[in-house]
Amino acid sequence: MRILLDENMPEAVRTALGRLGHNVDSVDTLRLKGIDNGRLLGAIATGYDLCFTKDRGFARAAKAAGASGGAKVLRVGIPQAPGDEFARAFVEAFQRSDWSAFATGDDWPAS
């Protein structure tokens with residue numbers, strides 16, 4: 001699975017998902033920090049299956065724009081914690097998720 005992490009996601013999540021065999025990029029590693037939402041949505045639609053963000057406004061903008069191309073932009077609702085602890089919680093939820101149940105703009109994981 002091709003995954004993009006928004007700039008507000010910890011690096012530990014990228015590392016953990018990579019260990020699971022996913023192709024993971026981040027806004028930081030691609031040097032896209034500060035890019036406007038429209039351009040970022042274009043990049044997501046053409047190259048990724050999932051994008052995770054903690055930015056409610058970005059998730060809503062993606063939903064309003066109908067961002068797709070197979071990509072789903074999901075707002076992460078896992079409580080903030082130190083990097084490795086957050087990454088563990090993220091991966092546990094990730095492995096339990098049925099991605100067909102989510103659409104762009106949804107909060108993830110489902111409560």
# chains A, B, ... in the order shown; residues from 1 in each chain; ligands from 1
call {"tool": "residues_around", "arguments": {"residues": "Ala12 (chain A)", "least_positions_apart": "2", "cutoff": "7 Å", "atoms": "only C-alpha atoms", "output": "PyMOL selection string"}}
result
chain A and resi 10+14-16+83-84+87
call {"tool": "write_last_selection", "arguments": {"atoms": "C-alpha atoms", "output": "short mmCIF file (atom, residue, chain, number, x, y, z; two decimals), in the first residue's frame"}}
result
data_model
loop_
_atom_site.label_atom_id
_atom_site.label_comp_id
_atom_site.auth_asym_id
_atom_site.auth_seq_id
_atom_site.Cartn_x
_atom_site.Cartn_y
_atom_site.Cartn_z
CA PRO A 10 5.42 11.61 13.74
CA ARG A 14 6.54 6.24 8.80
CA THR A 15 9.21 3.90 10.13
CA ALA A 16 6.68 1.50 11.70
CA GLY A 83 6.57 9.14 19.04
CA ASP A 84 7.07 5.41 19.63
CA ALA A 87 3.33 4.73 16.44
#
call {"tool": "residues_around", "arguments": {"residues": "Arg31 (chain A)", "least_positions_apart": "5", "cutoff": "12 Å", "atoms": "only C-alpha atoms", "output": "PyMOL selection string"}}
result
chain A and resi 6-7+25-26+40
call {"tool": "write_last_selection", "arguments": {"atoms": "C-alpha atoms", "output": "mmCIF file, in the first residue's frame"}}
result
data_model
loop_
_atom_site.group_PDB
_atom_site.id
_atom_site.type_symbol
_atom_site.label_atom_id
_atom_site.label_comp_id
_atom_site.auth_asym_id
_atom_site.auth_seq_id
_atom_site.Cartn_x
_atom_site.Cartn_y
_atom_site.Cartn_z
ATOM 1 C CA ASP A 6 0.993 14.769 6.479
ATOM 2 C CA GLU A 7 3.575 17.009 8.110
ATOM 3 C CA ASP A 25 6.361 8.843 2.305
ATOM 4 C CA SER A 26 5.832 11.910 4.410
ATOM 5 C CA LEU A 40 -0.910 18.370 -1.880
#
call {"tool": "atom_distance", "arguments": {"atom1": "CA of Ser97 (chain A)", "atom2": "CA of Gly42 (chain A)"}}
result
25.0 Å
call {"tool": "select_by_dssp", "arguments": {"residues": "chain A", "states": "helix (DSSP H, G or I)", "output": "number ranges by chain"}}
result
A: 11-19, 37-47, 56-65, 83-96, 99-101
call {"tool": "closest_residue", "arguments": {"among": "A:Ile3, A:Ala45, A:Met9, A:Ala65", "to": "Ala81 (chain A)", "atoms": "only C-alpha atoms"}}
result
A:Met9
call {"tool": "residues_around", "arguments": {"residues": "Ser100 (chain A)", "least_positions_apart": "4", "cutoff": "12 Å", "atoms": "only C-alpha atoms", "output": "number ranges by chain"}}
result
A: 49-50, 70-72, 104, 106
call {"tool": "select_by_dssp", "arguments": {"residues": "region 21-106 of chain A", "states": "strand (DSSP E)", "output": "number ranges by chain"}}
result
A: 23-26, 50-53, 72-76
call {"tool": "closest_residue", "arguments": {"among": "A:Val76, A:Ile35, A:Leu30, A:Leu20", "to": "Ala89 (chain A)", "atoms": "only C-alpha atoms"}}
result
A:Val76
call {"tool": "atom_distance", "arguments": {"atom1": "CA of Gly105 (chain A)", "atom2": "CA of Asp55 (chain A)"}}
result
10.3 Å
call {"tool": "closest_residue", "arguments": {"among": "A:Pro82, A:Gly21, A:Pro109, A:Gly34", "to": "Lys54 (chain A)", "atoms": "only C-alpha atoms"}}
result
A:Pro109
